[in-house]
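**Student:** Enclosed is the structure file entry_16.cif (mmCIF, C-alpha atoms).
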```
data_work
#
loop_
_atom_site.label_atom_id
_atom_site.label_comp_id
_atom_site.auth_asym_id
_atom_site.auth_seq_id
_atom_site.Cartn_x
_atom_site.Cartn_y
_atom_site.Cartn_z
CA MET A 6 29.01 66.59 -74.34
CA LYS A 7 28.90 63.55 -72.08
CA PHE A 8 25.69 64.84 -70.50
CA ARG A 9 24.01 65.18 -73.89
CA ARG A 10 25.06 61.67 -74.85
CA PHE A 11 23.75 60.32 -71.53
CA LEU A 12 20.45 62.18 -71.96
CA SER A 13 19.99 60.79 -75.49
CA VAL A 14 20.63 57.22 -74.37
CA PHE A 15 18.27 57.67 -71.38
CA LEU A 16 15.40 59.01 -73.50
CA LEU A 17 15.87 56.28 -76.10
CA SER A 18 15.78 53.60 -73.38
CA MET A 19 12.61 55.05 -71.90
CA LEU A 20 10.94 55.09 -75.33
CA MET A 21 11.84 51.46 -76.04
CA ALA A 22 10.61 50.39 -72.61
CA ALA A 23 7.28 52.11 -73.18
CA LEU A 24 6.87 50.30 -76.49
CA LEU A 25 7.74 46.92 -75.02
CA ILE A 26 5.46 47.13 -71.96
CA PRO A 27 1.99 45.75 -72.87
CA SER A 28 -1.03 47.94 -72.28
CA ALA A 29 -2.70 47.17 -68.97
CA ALA A 30 -6.08 48.22 -70.37
CA ALA A 31 -6.18 45.58 -73.11
CA LEU A 32 -9.12 43.18 -72.95
CA GLU A 33 -7.92 39.88 -71.53
CA PRO A 34 -9.16 36.70 -73.27
CA ILE A 35 -11.20 34.21 -71.27
CA GLU A 36 -11.38 30.44 -71.54
CA VAL A 37 -14.48 28.44 -70.61
CA ASN A 38 -15.13 24.73 -70.31
CA ALA A 39 -18.46 24.92 -72.15
CA ARG A 40 -18.53 23.62 -75.70
CA ALA A 41 -20.82 26.54 -76.60
CA ALA A 42 -21.36 29.73 -74.62
CA ILE A 43 -22.56 33.27 -74.87
CA VAL A 44 -22.94 36.25 -72.56
CA VAL A 45 -25.11 39.13 -73.77
CA ASP A 46 -25.84 42.60 -72.44
CA THR A 47 -29.59 42.94 -72.80
CA THR A 48 -29.47 46.73 -73.21
CA ASP A 49 -28.63 46.46 -76.90
CA ASP A 50 -28.36 42.67 -77.31
CA VAL A 51 -24.59 43.12 -77.40
CA ILE A 52 -22.62 39.88 -77.40
CA LEU A 53 -19.75 40.37 -74.94
CA PHE A 54 -18.43 36.85 -75.39
CA GLY A 55 -19.32 34.09 -77.79
CA LYS A 56 -18.06 30.58 -78.36
CA ASN A 57 -19.81 28.44 -80.97
CA GLU A 58 -22.92 30.47 -80.18
CA ASN A 59 -24.63 29.48 -83.45
CA GLN A 60 -23.69 25.79 -83.34
CA LYS A 61 -26.57 23.36 -82.96
CA MET A 62 -26.52 21.78 -79.49
CA TYR A 63 -28.75 19.65 -77.28
CA PRO A 64 -30.47 21.91 -74.70
CA ALA A 65 -31.70 19.27 -72.23
CA SER A 66 -34.10 20.82 -69.70
CA ILE A 67 -33.41 24.37 -70.85
CA THR A 68 -36.19 23.39 -73.28
CA LYS A 69 -38.60 24.00 -70.40
CA ILE A 70 -38.26 27.80 -70.63
CA MET A 71 -40.02 27.68 -74.00
CA THR A 72 -42.73 25.46 -72.56
CA ALA A 73 -43.17 27.83 -69.62
CA LEU A 74 -43.25 30.86 -71.94
CA LEU A 75 -46.13 29.43 -73.97
CA VAL A 76 -48.06 28.67 -70.78
CA ALA A 77 -47.54 32.23 -69.52
CA GLU A 78 -48.70 33.62 -72.87
CA ALA A 79 -51.84 31.46 -72.73
CA VAL A 80 -52.56 32.92 -69.28
CA GLU A 81 -52.06 36.45 -70.65
CA ARG A 82 -54.56 35.71 -73.41
CA GLY A 83 -57.09 34.60 -70.80
CA GLU A 84 -57.15 30.99 -71.97
CA LEU A 85 -55.86 29.69 -68.61
CA ARG A 86 -55.57 30.95 -65.03
CA MET A 87 -52.62 30.44 -62.72
CA ASP A 88 -54.96 29.11 -60.01
CA GLN A 89 -56.74 26.81 -62.46
CA VAL A 90 -56.61 23.20 -61.28
CA ILE A 91 -55.27 20.81 -63.93
CA ALA A 92 -55.75 17.05 -63.82
CA ALA A 93 -52.87 14.92 -65.12
CA SER A 94 -53.98 12.56 -67.87
CA GLU A 95 -52.58 9.12 -68.64
CA ASN A 96 -51.32 10.42 -71.99
CA ALA A 97 -49.10 12.99 -70.31
CA PHE A 98 -46.66 10.24 -69.25
CA PHE A 99 -46.18 8.62 -72.65
CA ASP A 100 -42.52 9.63 -73.15
CA MET A 101 -41.20 9.60 -69.58
CA ILE A 102 -38.08 7.67 -68.62
CA ALA A 103 -37.36 5.99 -65.30
CA ASP A 104 -34.39 8.15 -64.29
CA GLY A 105 -35.72 11.44 -65.62
CA SER A 106 -36.39 14.45 -63.39
CA SER A 107 -39.83 14.19 -61.81
CA ALA A 108 -42.07 15.69 -59.16
CA GLY A 109 -43.78 12.34 -58.65
CA ILE A 110 -47.05 13.52 -60.14
CA LYS A 111 -49.45 10.64 -60.86
CA PRO A 112 -52.13 10.19 -63.53
CA GLY A 113 -55.36 11.65 -62.19
CA GLU A 114 -53.58 13.96 -59.74
CA GLN A 115 -54.95 17.49 -59.65
CA MET A 116 -52.71 20.51 -59.19
CA PRO A 117 -53.01 24.27 -59.82
CA LEU A 118 -51.23 25.51 -62.95
CA LYS A 119 -48.92 27.69 -60.84
CA ASP A 120 -47.70 24.69 -58.86
CA LEU A 121 -47.09 22.73 -62.05
CA LEU A 122 -44.86 25.57 -63.26
CA TYR A 123 -42.92 25.50 -59.99
CA CYS A 124 -42.40 21.75 -60.37
CA MET A 125 -41.25 22.28 -63.94
CA LEU A 126 -38.87 25.22 -63.42
CA LEU A 127 -37.45 24.56 -59.94
CA ILE A 128 -36.83 20.80 -60.00
CA SER A 129 -37.24 20.23 -63.74
CA ALA A 130 -40.21 17.84 -63.55
CA ASN A 131 -40.64 16.33 -67.01
CA GLU A 132 -44.21 15.12 -66.53
CA ALA A 133 -45.31 18.64 -65.55
CA CYS A 134 -44.32 19.84 -69.03
CA ASN A 135 -46.66 17.46 -70.81
CA ILE A 136 -49.46 18.17 -68.34
CA VAL A 137 -49.35 21.93 -68.97
CA ALA A 138 -48.94 21.34 -72.72
CA GLU A 139 -52.24 19.43 -72.76
CA ALA A 140 -53.84 22.23 -70.77
CA VAL A 141 -52.83 24.75 -73.42
CA ASP A 142 -53.45 22.81 -76.65
CA GLY A 143 -55.27 19.61 -75.75
CA ASN A 144 -52.38 17.39 -76.80
CA VAL A 145 -48.58 17.40 -76.69
CA ALA A 146 -48.00 17.19 -80.46
CA THR A 147 -49.95 20.39 -81.16
CA PHE A 148 -48.13 22.14 -78.33
CA VAL A 149 -44.71 21.11 -79.67
CA ALA A 150 -45.69 22.53 -83.06
CA ARG A 151 -46.55 25.78 -81.26
CA MET A 152 -43.10 25.72 -79.62
CA ASN A 153 -41.40 25.61 -83.01
CA THR A 154 -43.62 28.32 -84.44
CA ARG A 155 -42.97 30.62 -81.48
CA ALA A 156 -39.23 29.98 -81.72
CA GLN A 157 -39.28 31.18 -85.33
CA GLU A 158 -41.27 34.26 -84.31
CA LEU A 159 -38.58 35.10 -81.75
CA GLY A 160 -35.89 34.90 -84.42
CA CYS A 161 -34.52 31.44 -83.60
CA LYS A 162 -33.00 30.14 -86.84
CA ASN A 163 -31.34 26.96 -85.63
CA THR A 164 -33.89 25.52 -83.22
CA HIS A 165 -36.11 22.48 -83.53
CA PHE A 166 -38.13 21.04 -80.66
CA VAL A 167 -39.39 17.45 -80.58
CA ASN A 168 -40.75 17.39 -77.02
CA THR A 169 -41.77 19.72 -74.20
CA HIS A 170 -39.11 18.80 -71.64
CA GLY A 171 -35.73 18.23 -73.31
CA LEU A 172 -35.23 14.49 -72.84
CA HIS A 173 -32.76 13.50 -75.53
CA ASP A 174 -33.71 13.21 -79.16
CA ASP A 175 -31.24 13.65 -82.02
CA GLU A 176 -33.68 16.02 -83.75
CA HIS A 177 -34.21 18.16 -80.64
CA TYR A 178 -31.66 20.97 -80.77
CA THR A 179 -31.01 24.69 -80.48
CA THR A 180 -28.09 27.12 -80.08
CA ALA A 181 -26.73 29.37 -77.37
CA TRP A 182 -27.92 32.46 -79.28
CA ASP A 183 -31.40 31.06 -79.86
CA ILE A 184 -31.69 30.20 -76.16
CA TYR A 185 -30.81 33.81 -75.39
CA LEU A 186 -33.65 35.00 -77.63
CA ILE A 187 -36.12 32.78 -75.77
CA ALA A 188 -34.73 33.75 -72.36
CA ARG A 189 -35.01 37.44 -73.28
CA GLU A 190 -38.74 36.91 -73.75
CA VAL A 191 -39.03 34.96 -70.49
CA LEU A 192 -37.41 37.88 -68.66
CA LYS A 193 -40.41 40.02 -69.63
CA SER A 194 -42.76 37.77 -67.64
CA GLU A 195 -42.91 38.81 -64.00
CA THR A 196 -44.75 35.58 -63.17
CA LEU A 197 -42.12 33.31 -64.69
CA MET A 198 -39.19 35.24 -63.23
CA THR A 199 -40.75 35.07 -59.78
CA ILE A 200 -40.76 31.29 -60.13
CA CYS A 201 -37.28 31.07 -61.68
CA ASN A 202 -35.81 33.25 -58.92
CA SER A 203 -37.33 31.19 -56.12
CA VAL A 204 -34.82 29.10 -54.19
CA ALA A 205 -37.55 26.95 -52.63
CA TYR A 206 -41.29 26.40 -52.81
CA THR A 207 -43.84 24.21 -51.07
CA VAL A 208 -46.48 22.59 -53.25
CA PRO A 209 -49.60 22.11 -51.12
CA ALA A 210 -51.11 18.66 -50.74
CA THR A 211 -53.19 17.41 -53.65
CA ASN A 212 -55.90 14.80 -54.06
CA MET A 213 -53.21 12.13 -54.39
CA SER A 214 -50.17 13.40 -52.50
CA GLY A 215 -49.01 15.28 -49.44
CA SER A 216 -47.17 18.59 -49.72
CA ARG A 217 -43.94 18.68 -51.72
CA GLU A 218 -40.80 20.65 -50.82
CA LEU A 219 -39.06 21.94 -53.93
CA HIS A 220 -35.50 23.37 -54.06
CA THR A 221 -34.03 24.98 -57.15
CA THR A 222 -31.37 23.19 -59.17
CA ASN A 223 -29.65 26.53 -59.90
CA SER A 224 -26.62 26.82 -57.62
CA LEU A 225 -25.95 30.40 -58.70
CA ILE A 226 -28.90 31.45 -56.51
CA SER A 227 -28.99 28.66 -53.90
CA ASN A 228 -26.44 26.56 -52.02
CA TRP A 229 -29.01 24.00 -50.89
CA ARG A 230 -27.73 21.35 -53.34
CA ILE A 231 -24.11 22.41 -53.95
CA LEU A 232 -21.92 24.88 -52.05
CA GLY A 233 -19.59 27.45 -53.54
CA TYR A 234 -21.37 28.80 -56.60
CA LEU A 235 -23.58 31.61 -55.27
CA TYR A 236 -23.26 34.68 -57.47
CA LYS A 237 -24.34 38.09 -56.26
CA GLY A 238 -27.03 39.53 -58.53
CA ALA A 239 -27.80 36.22 -60.24
CA GLU A 240 -31.37 35.44 -61.27
CA GLY A 241 -32.82 32.13 -62.56
CA ILE A 242 -33.35 30.92 -65.14
CA LYS A 243 -32.98 27.18 -65.89
CA THR A 244 -30.53 24.31 -65.63
CA GLY A 245 -30.39 21.26 -67.86
CA THR A 246 -28.48 17.98 -67.84
CA THR A 247 -28.47 14.84 -69.94
CA THR A 248 -25.68 12.48 -70.94
CA GLN A 249 -25.73 13.79 -74.50
CA ALA A 250 -26.17 17.50 -73.63
CA GLY A 251 -23.78 17.67 -70.67
CA ASN A 252 -24.39 20.31 -68.02
CA CYS A 253 -26.26 23.35 -69.35
CA LEU A 254 -27.43 26.61 -67.80
CA VAL A 255 -29.21 29.76 -68.90
CA SER A 256 -29.14 32.48 -66.26
CA SER A 257 -29.23 36.22 -65.72
CA ALA A 258 -27.35 38.62 -63.49
CA VAL A 259 -27.78 42.30 -62.64
CA ARG A 260 -25.10 44.72 -61.48
CA ALA A 261 -25.16 48.52 -61.37
CA GLY A 262 -28.26 48.68 -63.53
CA ARG A 263 -26.89 46.39 -66.24
CA ARG A 264 -28.43 43.01 -66.98
CA LEU A 265 -26.46 40.21 -68.59
CA VAL A 266 -27.76 36.86 -69.77
CA CYS A 267 -25.40 33.89 -69.94
CA VAL A 268 -25.89 30.58 -71.73
CA VAL A 269 -23.43 27.69 -71.36
CA LEU A 270 -23.98 24.34 -73.07
CA ASP A 271 -22.28 20.96 -72.76
CA CYS A 272 -20.11 21.65 -69.71
CA ASP A 273 -18.21 18.99 -67.80
CA GLY A 274 -18.89 18.23 -64.19
CA SER A 275 -20.24 15.82 -61.64
CA GLY A 276 -20.89 15.85 -57.93
CA ALA A 277 -19.93 19.23 -56.50
CA ASP A 278 -17.79 20.25 -59.48
CA ILE A 279 -20.25 21.55 -62.06
CA LYS A 280 -18.55 23.67 -64.72
CA SER A 281 -21.80 25.22 -65.94
CA PHE A 282 -21.96 27.26 -62.72
CA SER A 283 -18.27 28.24 -62.60
CA ASP A 284 -18.24 29.10 -66.32
CA SER A 285 -21.30 31.32 -65.89
CA ALA A 286 -19.78 33.12 -62.90
CA ASP A 287 -16.54 33.71 -64.82
CA LEU A 288 -18.42 35.02 -67.83
CA TYR A 289 -20.44 37.39 -65.67
CA ASP A 290 -17.28 38.78 -64.10
CA TYR A 291 -15.79 39.13 -67.56
CA GLY A 292 -18.82 40.99 -68.88
CA PHE A 293 -19.30 43.30 -65.91
CA ASP A 294 -15.60 44.07 -65.35
CA ASN A 295 -14.45 44.62 -68.92
CA PHE A 296 -17.41 46.39 -70.54
CA SER A 297 -19.35 49.51 -69.65
CA THR A 298 -21.95 51.88 -71.01
CA LYS A 299 -20.29 54.81 -72.76
CA SER A 300 -21.60 57.98 -74.33
CA ILE A 301 -20.84 57.79 -78.03
CA LEU A 302 -22.84 60.72 -79.39
CA SER A 303 -24.18 64.02 -78.08
CA ASP A 304 -27.20 65.86 -79.45
CA ASP A 305 -25.26 69.15 -79.55
CA GLU A 306 -22.53 67.85 -81.86
CA LEU A 307 -22.30 69.52 -85.26
CA ILE A 308 -22.05 66.63 -87.68
CA ALA A 309 -22.11 67.99 -91.24
CA GLU A 310 -22.91 70.93 -93.51
CA VAL A 311 -25.65 70.10 -96.00
CA PRO A 312 -25.72 72.19 -99.22
CA VAL A 313 -28.80 74.43 -99.56
CA GLU A 314 -30.38 75.91 -102.66
CA LEU A 315 -33.12 78.55 -103.22
CA SER A 316 -31.87 80.74 -100.37
CA LYS A 317 -29.92 84.01 -100.44
CA GLU A 318 -29.16 83.75 -96.68
CA THR A 319 -26.78 80.78 -96.83
CA ASN A 320 -25.66 77.98 -99.07
CA TYR A 321 -25.60 75.28 -96.35
CA VAL A 322 -27.32 74.18 -93.14
CA VAL A 323 -25.64 72.40 -90.22
CA VAL A 324 -27.14 69.15 -88.90
CA HIS A 325 -26.89 67.65 -85.40
CA PRO A 326 -28.04 64.34 -83.80
CA ALA A 327 -31.65 64.13 -82.68
CA ALA A 328 -30.61 62.64 -79.33
CA ASP A 329 -27.69 61.47 -77.24
CA ALA A 330 -26.57 57.88 -77.83
CA GLU A 331 -24.89 55.32 -75.60
CA SER A 332 -23.50 51.87 -76.24
CA ILE A 333 -21.84 48.99 -74.43
CA LEU A 334 -18.13 48.99 -75.26
CA PRO A 335 -14.92 47.48 -73.88
CA ASN A 336 -13.47 49.70 -71.18
CA ASP A 337 -10.32 50.41 -73.20
CA VAL A 338 -12.18 51.62 -76.32
CA ASP A 339 -12.32 55.37 -76.91
CA PRO A 340 -15.77 56.29 -78.30
CA ALA A 341 -14.04 58.79 -80.59
CA THR A 342 -12.52 55.87 -82.52
CA LEU A 343 -15.90 54.47 -83.55
CA GLU A 344 -16.59 54.51 -87.28
CA ARG A 345 -19.14 57.15 -88.25
CA THR A 346 -21.26 56.97 -91.38
CA VAL A 347 -23.38 59.96 -92.34
CA THR A 348 -26.23 59.32 -94.77
CA LEU A 349 -28.11 62.36 -96.05
CA THR A 350 -31.68 62.13 -97.27
CA ASN A 351 -30.63 64.26 -100.25
CA ASP A 352 -27.24 65.56 -101.36
CA VAL A 353 -28.80 69.04 -101.64
CA VAL A 354 -31.80 70.40 -99.71
CA TYR A 355 -34.07 73.19 -100.85
CA ALA A 356 -35.20 76.12 -98.75
CA PRO A 357 -37.35 76.76 -96.84
CA ILE A 358 -35.90 74.57 -94.06
CA VAL A 359 -37.38 74.48 -90.58
CA LYS A 360 -35.23 73.90 -87.52
CA GLY A 361 -35.57 70.24 -86.56
CA ASP A 362 -36.28 68.94 -90.07
CA VAL A 363 -34.82 65.43 -90.53
CA LEU A 364 -32.14 65.66 -93.20
CA GLY A 365 -30.37 62.31 -92.74
CA GLU A 366 -28.93 59.96 -90.14
CA ILE A 367 -25.63 59.00 -88.57
CA THR A 368 -24.57 55.42 -87.80
CA LEU A 369 -21.79 54.54 -85.38
CA THR A 370 -20.16 51.12 -85.58
CA TYR A 371 -17.53 49.25 -83.59
CA GLU A 372 -15.80 46.28 -85.22
CA GLY A 373 -18.71 45.86 -87.61
CA ARG A 374 -21.39 46.09 -84.91
CA VAL A 375 -23.90 48.93 -85.21
CA CYS A 376 -23.83 50.76 -81.87
CA ALA A 377 -26.39 53.44 -82.72
CA THR A 378 -28.29 55.01 -85.61
CA VAL A 379 -29.60 58.51 -84.92
CA PRO A 380 -31.54 60.94 -87.17
CA LEU A 381 -29.80 64.19 -88.13
CA LEU A 382 -31.76 67.42 -87.71
CA ALA A 383 -31.40 70.90 -89.16
CA GLN A 384 -29.88 73.19 -86.55
CA TYR A 385 -31.72 76.35 -87.66
CA ASP A 386 -34.31 77.77 -90.05
CA VAL A 387 -33.32 78.71 -93.60
CA ASN A 388 -35.68 81.02 -95.49
CA ALA A 389 -36.28 80.69 -99.22
CA SER A 390 -35.81 83.45 -101.80
CA LYS A 391 -39.07 84.14 -103.66
CA PHE A 392 -37.24 84.97 -106.88
CA LEU A 393 -35.09 81.82 -106.76
CA THR A 394 -38.09 79.73 -105.82
CA VAL A 395 -40.20 80.98 -108.75
CA LYS A 396 -37.25 80.55 -111.10
CA TYR A 397 -36.71 77.01 -109.83
CA GLN A 398 -40.40 76.14 -110.15
CA ILE A 399 -40.46 77.38 -113.75
CA GLU A 400 -37.34 75.42 -114.58
CA GLN A 401 -38.81 72.33 -112.94
CA PHE A 402 -42.08 72.76 -114.83
CA LEU A 403 -40.35 73.25 -118.15
CA GLY A 404 -38.08 70.33 -117.45
CA GLN A 405 -40.91 67.81 -117.14
CA THR A 406 -41.20 65.32 -119.99
CA TYR A 407 -44.83 65.98 -120.82
CA VAL A 408 -44.15 69.74 -120.91
CA LYS A 409 -41.21 69.22 -123.24
CA ILE A 410 -43.40 67.08 -125.50
CA ALA A 411 -46.20 69.65 -125.43
CA LEU A 412 -43.79 72.47 -126.28
CA ALA A 413 -42.32 70.45 -129.12
CA VAL A 414 -45.81 69.80 -130.49
CA ILE A 415 -46.71 73.47 -130.20
CA ILE A 416 -43.50 74.53 -131.95
CA PHE A 417 -44.15 72.00 -134.69
CA ILE A 418 -47.71 73.22 -135.16
CA VAL A 419 -46.64 76.88 -135.25
CA ALA A 420 -43.90 76.09 -137.74
CA ALA A 421 -46.35 74.13 -139.87
CA VAL A 422 -48.87 76.98 -139.80
CA VAL A 423 -46.20 79.53 -140.74
CA ILE A 424 -44.99 77.40 -143.61
CA TRP A 425 -48.53 76.74 -144.76
CA TRP A 426 -49.45 80.40 -144.53
CA LYS A 427 -46.47 81.49 -146.57
CA PHE A 428 -47.18 78.84 -149.17
CA PHE A 429 -50.89 79.75 -149.27
CA ARG A 430 -50.21 83.44 -149.68
CA ARG A 431 -47.77 82.83 -152.53
CA ASN A 432 -50.20 80.55 -154.35
CA ARG A 433 -52.99 83.01 -153.84
CA ARG A 434 -50.95 85.83 -155.27
CA TYR A 435 -49.93 83.89 -158.37
CA GLY A 436 -53.37 82.34 -158.77
CA SER A 437 -55.11 85.80 -158.92
CA ARG A 438 -52.96 87.01 -161.85
CA GLY A 439 -53.57 83.92 -163.93
CA GLY A 440 -57.29 84.14 -163.39
CA HIS A 441 -57.40 87.75 -164.62
CA ARG A 442 -55.62 86.92 -167.84
CA ARG A 443 -57.87 83.99 -168.54
CA SER A 444 -60.91 86.18 -167.95
CA SER A 445 -59.71 88.72 -170.56
CA ARG A 446 -59.04 86.09 -173.16
CA SER A 447 -62.35 84.41 -172.73
CA TYR A 448 -64.49 87.55 -173.18
CA ARG A 449 -66.94 87.13 -176.02
CA GLY A 450 -68.79 90.47 -176.04
CA ARG A 451 -70.26 92.21 -179.17
CA ARG A 452 -67.80 94.00 -181.37
CA ARG A 453 -68.42 97.47 -182.66
#
```
Could I get this structure in the form of C-alpha cells?
**Tutor:**
Amino acid sequence: MKFRRFLSVFLLSMLMAALLIPSAAALEPIEVNARAAIVVDTTDDVILFGKNENQKMYPASITKIMTALLVAEAVERGELRMDQVIAASENAFFDMIADGSSAGIKPGEQMPLKDLLYCMLLISANEACNIVAEAVDGNVATFVARMNTRAQELGCKNTHFVNTHGLHDDEHYTTAWDIYLIAREVLKSETLMTICNSVAYTVPATNMSGSRELHTTNSLISNWRILGYLYKGAEGIKTGTTTQAGNCLVSSAVRAGRRLVCVVLDCDGSGADIKSFSDSADLYDYGFDNFSTKSILSDDELIAEVPVELSKETNYVVVHPAADAESILPNDVDPATLERTVTLTNDVVYAPIVKGDVLGEITLTYEGRVCATVPLLAQYDVNASKFLTVKYQIEQFLGQTYVKIALAVIIFIVAAVVIWWKFFRRNRRYGSRGGHRRSSRSYRGRRR
C-alpha cells in the first residue's frame, strides 16, 4: 500500500516537472541595436527576422548599390564597357559636400568604368556615382529617374531616390525590405559581386593622379579598418553612414549551401564599436543556427481521392504531388504540422483520365506564409465507359439552352399542327354535308 502511494506521488512529481521545464528547442528571441533590420534566406525569400522592415529609413551610401546595378545593366545591354574610359565633368560635382566620402577624383580626370565602380563600392566615393550616372544617361537627373523606375520594377514600394550616392535628403528614403530586393538583384551580377567582395584594390594612375590604394569599408570581410568583426562566409555588399541615417549595412553570408542577406539601418556606433557589424553577425548566427531546409512534401504521398464519373472501373482517382517540396523552417517545427490546403480543379472529374493529368494543387503554409504550392497529379489511368459516355453526351446536349428552346419550338409547332389538322378535318367533314344539301335545293332542272 505504501509502495503504491509512493509510486503515485513519484509519477505525479515527474509529470509536473516535465510540464514546468521549458522546451530547449524553442526559438530564442534576438535583440538588435538597429532601428530597422531584416535577415532573409534567399532560397524562398523567407524572412527569418524582421524589425520595422517596412518603415521608411534613410539609406545613406547603401544607395550606391542601385547606382551600381544600373551601370552593370547598361554594360549588359552593350551601352557601356567596363574598360571604357570615362572623363569626369564639372557637373558631376554639383552636389558634393566637403566631408563626404571621396576618391579624390578631379574634373577632367579620366578613369575606366571598372575603376569608378571600385571607388564607388569599396570606399564609397560620392563623385564616382555622378560620373557613372552621366555615362549612362547623359545627366544625373535622368539617371535618378531611372533609379526610381527600376526600384518599382523590383517591387520596392516604399523607396524614393533623390540622388545617386545617398548624401542626406529628407525625400531620399527606402526600407530594409526594399534594400533586400535591390541587393537580391545585385547578387545576380558576377561583376558587381567581384567588386563588393574585394577587400582591397589598386586603381592605376590616371591622367591627373597617381595610383590609388582602396580598402573596403565592410569590416565583415576585412579587418584593415576595424578589428574584431570578420564573419566567416560573409560577402559584400555595401556600408553606409550619415548623421541622419546612422550606421547602415547590407551584406550577404553563405553557410552549408544557404545564402542569407542581412540589412541593418540606423545602428549606433563610433570608432571601433560599430553596431551595424555586430548586429549583422548576430543576425547571421540566428538565421543559420535556428532555421534549416526541411522536406515538407513528397511526390509519392497520396493526398486525396477525387470523385470520378463515366467509368465502371472506379468512382474515384487518387492524386499525388507533382514533385517533392522543401522550405526553410525553424528547427523546432515539425513539417507535419504545416497547414495543408487542397484545391481541386473540379469537384468531380470525368473519365477518361490519364496518369499524370493535373487535377488540382496543394498549398502548405506556416504561420500564414506559403511554403510551397505543388500541382496534384492523377496516380493512374481511369478508362471511360462507352455507354455512360454516350448517355452523358446526350444528356449534356439536351441540357443546353438552345436545344431546350429548339425542342420547345418543335413541340409547339407539332401541337399547333395537330390542333389545326383536327380542326380542319372537322370543318371539312361538316362543310361537305352542307354543300350537298344546298346543291339539291338549288337544282332547277325540267319537270316531267
**Student:** Write out, as JSON lines, each residue of segment 51-107 of chain A that has an atom at most 12 Å from segment 218-222 of chain A, together with the closest pair of atoms and their distance in Å to one decimal, counting only C-alpha atoms, rows going by chain and rising number.
**Tutor:**
```
{"residue": "A:Ser66", "atom": "CA", "partner": "A:Thr222", "partner_atom": "CA", "distance": 11.1}
{"residue": "A:Ile67", "atom": "CA", "partner": "A:Thr222", "partner_atom": "CA", "distance": 11.9}
{"residue": "A:Ser106", "atom": "CA", "partner": "A:Thr222", "partner_atom": "CA", "distance": 10.9}
{"residue": "A:Ser107", "atom": "CA", "partner": "A:Leu219", "partner_atom": "CA", "distance": 11.1}
```
**Student:** Need the shell around Glu84 of chain A: protein/DNA/RNA residues with any atom at most 12 Å away, counting all atoms listed in the file. Skip same-chain ones fewer than 3 positions apart. Format as JSON, numbers by chain?
**Tutor:** {"A": [75, 76, 77, 78, 79, 80, 81, 87, 89, 140, 141, 142]}
**Student:** Would you please work out which residue, of A:Ala330, A:Ile279, A:Val149, A:Val45, is nearest to Ala258 of chain A when using all atoms listed in the file?
**Tutor:**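 The closest residue to Ala258 of chain A is A:Val45.
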**Student:** If the PyMOL selection byres ((chain A and resi 329) around 6) were run on this exact file, what residues would it hold? Put them as number ranges by chain.
**Tutor:** A: 302-304, 328, 330
**Student:** Could the residues in this selection be written to a file with C-alpha atoms, as a compact mmCIF listing (two decimals), in the frame of the given file?
**Tutor:**
```
# COMPACT_ATOMS: atom_id res chain seq x y z
CA LEU A 302 -22.84 60.72 -79.39
CA SER A 303 -24.18 64.02 -78.08
CA ASP A 304 -27.20 65.86 -79.45
CA ALA A 328 -30.61 62.64 -79.33
CA ALA A 330 -26.57 57.88 -77.83
```
**Student:** With all atoms of segment 265-282 of chain A from the file as input, state the centre and edge lengths in Å to one decimal of the axis-aligned box that has 5 Å extra on each side, as AutoDock Vina command-line options.
**Tutor:**
```
--center_x -22.8 --center_y 28.0 --center_z -64.8 --size_x 20.0 --size_y 34.4 --size_z 26.6
```
**Student:** Using all atoms listed in the file, find each residue of segment 217-333 of chain A with at least one atom at most 12 Å away from an atom of segment 346-365 of chain A; report its shortest atom-to-atom pair and that distance in Å (one decimal), sort the rows by chain and rising residue number, and return the result as a Markdown table.
**Tutor:**
```
| residue | atom | partner | partner_atom | distance |
| --- | --- | --- | --- | --- |
| A:Asp304 | CA | A:Gly361 | CA | 11.8 |
| A:Leu307 | CA | A:Val347 | CA | 11.9 |
| A:Ile308 | CA | A:Val347 | CA | 8.2 |
| A:Ala309 | CA | A:Val347 | CA | 8.2 |
| A:Glu310 | CA | A:Val353 | CA | 10.2 |
| A:Val311 | CA | A:Val353 | CA | 6.5 |
| A:Pro312 | CA | A:Val353 | CA | 5.0 |
| A:Val313 | CA | A:Val354 | CA | 5.0 |
| A:Glu314 | CA | A:Tyr355 | CA | 4.9 |
| A:Leu315 | CA | A:Ala356 | CA | 5.5 |
| A:Ser316 | CA | A:Ala356 | CA | 5.9 |
| A:Lys317 | CA | A:Ala356 | CA | 9.6 |
| A:Glu318 | CA | A:Ala356 | CA | 9.9 |
| A:Thr319 | CA | A:Ala356 | CA | 9.8 |
| A:Asn320 | CA | A:Ala356 | CA | 9.7 |
| A:Tyr321 | CA | A:Val354 | CA | 8.6 |
| A:Val322 | CA | A:Ile358 | CA | 8.6 |
| A:Val323 | CA | A:Leu364 | CA | 9.8 |
| A:Val324 | CA | A:Leu364 | CA | 7.5 |
| A:His325 | CA | A:Gly361 | CA | 9.1 |
| A:Pro326 | CA | A:Gly365 | CA | 9.5 |
| A:Ala327 | CA | A:Gly361 | CA | 8.2 |
| A:Ala328 | CA | A:Gly361 | CA | 11.6 |
```
**Student:** Need the shell around Gly276 of chain A: protein/DNA/RNA residues with any atom at most 12 Å away, counting only C-alpha atoms. Skip same-chain ones fewer than 3 positions apart. Format as a ChimeraX atom specification?
**Tutor:** /A:230-232,252,273,279-280
**Student:** Excluding Thr244 of chain A and residues on its chain fewer than 6 positions from it, collect all residues at most 9 Å away from it, counting only C-alpha atoms, and give them as a list of chain:residue names.
**Tutor:** A:Ala65, A:Ser66, A:Ile67, A:Leu126, A:Leu127, A:Ser129, A:Thr222, A:Asn223, A:Asn252, A:Cys253, A:Leu254, A:Val255, A:Ser256, A:Ser281
**Student:** Grab the residues selected above and save them as an mmCIF file, in the frame of the given file with C-alpha atoms.
**Tutor:**
```cif
data_model
loop_
_atom_site.group_PDB
_atom_site.id
_atom_site.type_symbol
_atom_site.label_atom_id
_atom_site.label_comp_id
_atom_site.auth_asym_id
_atom_site.auth_seq_id
_atom_site.Cartn_x
_atom_site.Cartn_y
_atom_site.Cartn_z
ATOM 1 C CA ALA A 65 -31.700 19.270 -72.230
ATOM 2 C CA SER A 66 -34.100 20.820 -69.700
ATOM 3 C CA ILE A 67 -33.410 24.370 -70.850
ATOM 4 C CA LEU A 126 -38.870 25.220 -63.420
ATOM 5 C CA LEU A 127 -37.450 24.560 -59.940
ATOM 6 C CA SER A 129 -37.240 20.230 -63.740
ATOM 7 C CA THR A 222 -31.370 23.190 -59.170
ATOM 8 C CA ASN A 223 -29.650 26.530 -59.900
ATOM 9 C CA ASN A 252 -24.390 20.310 -68.020
ATOM 10 C CA CYS A 253 -26.260 23.350 -69.350
ATOM 11 C CA LEU A 254 -27.430 26.610 -67.800
ATOM 12 C CA VAL A 255 -29.210 29.760 -68.900
ATOM 13 C CA SER A 256 -29.140 32.480 -66.260
ATOM 14 C CA SER A 281 -21.800 25.220 -65.940
#
```
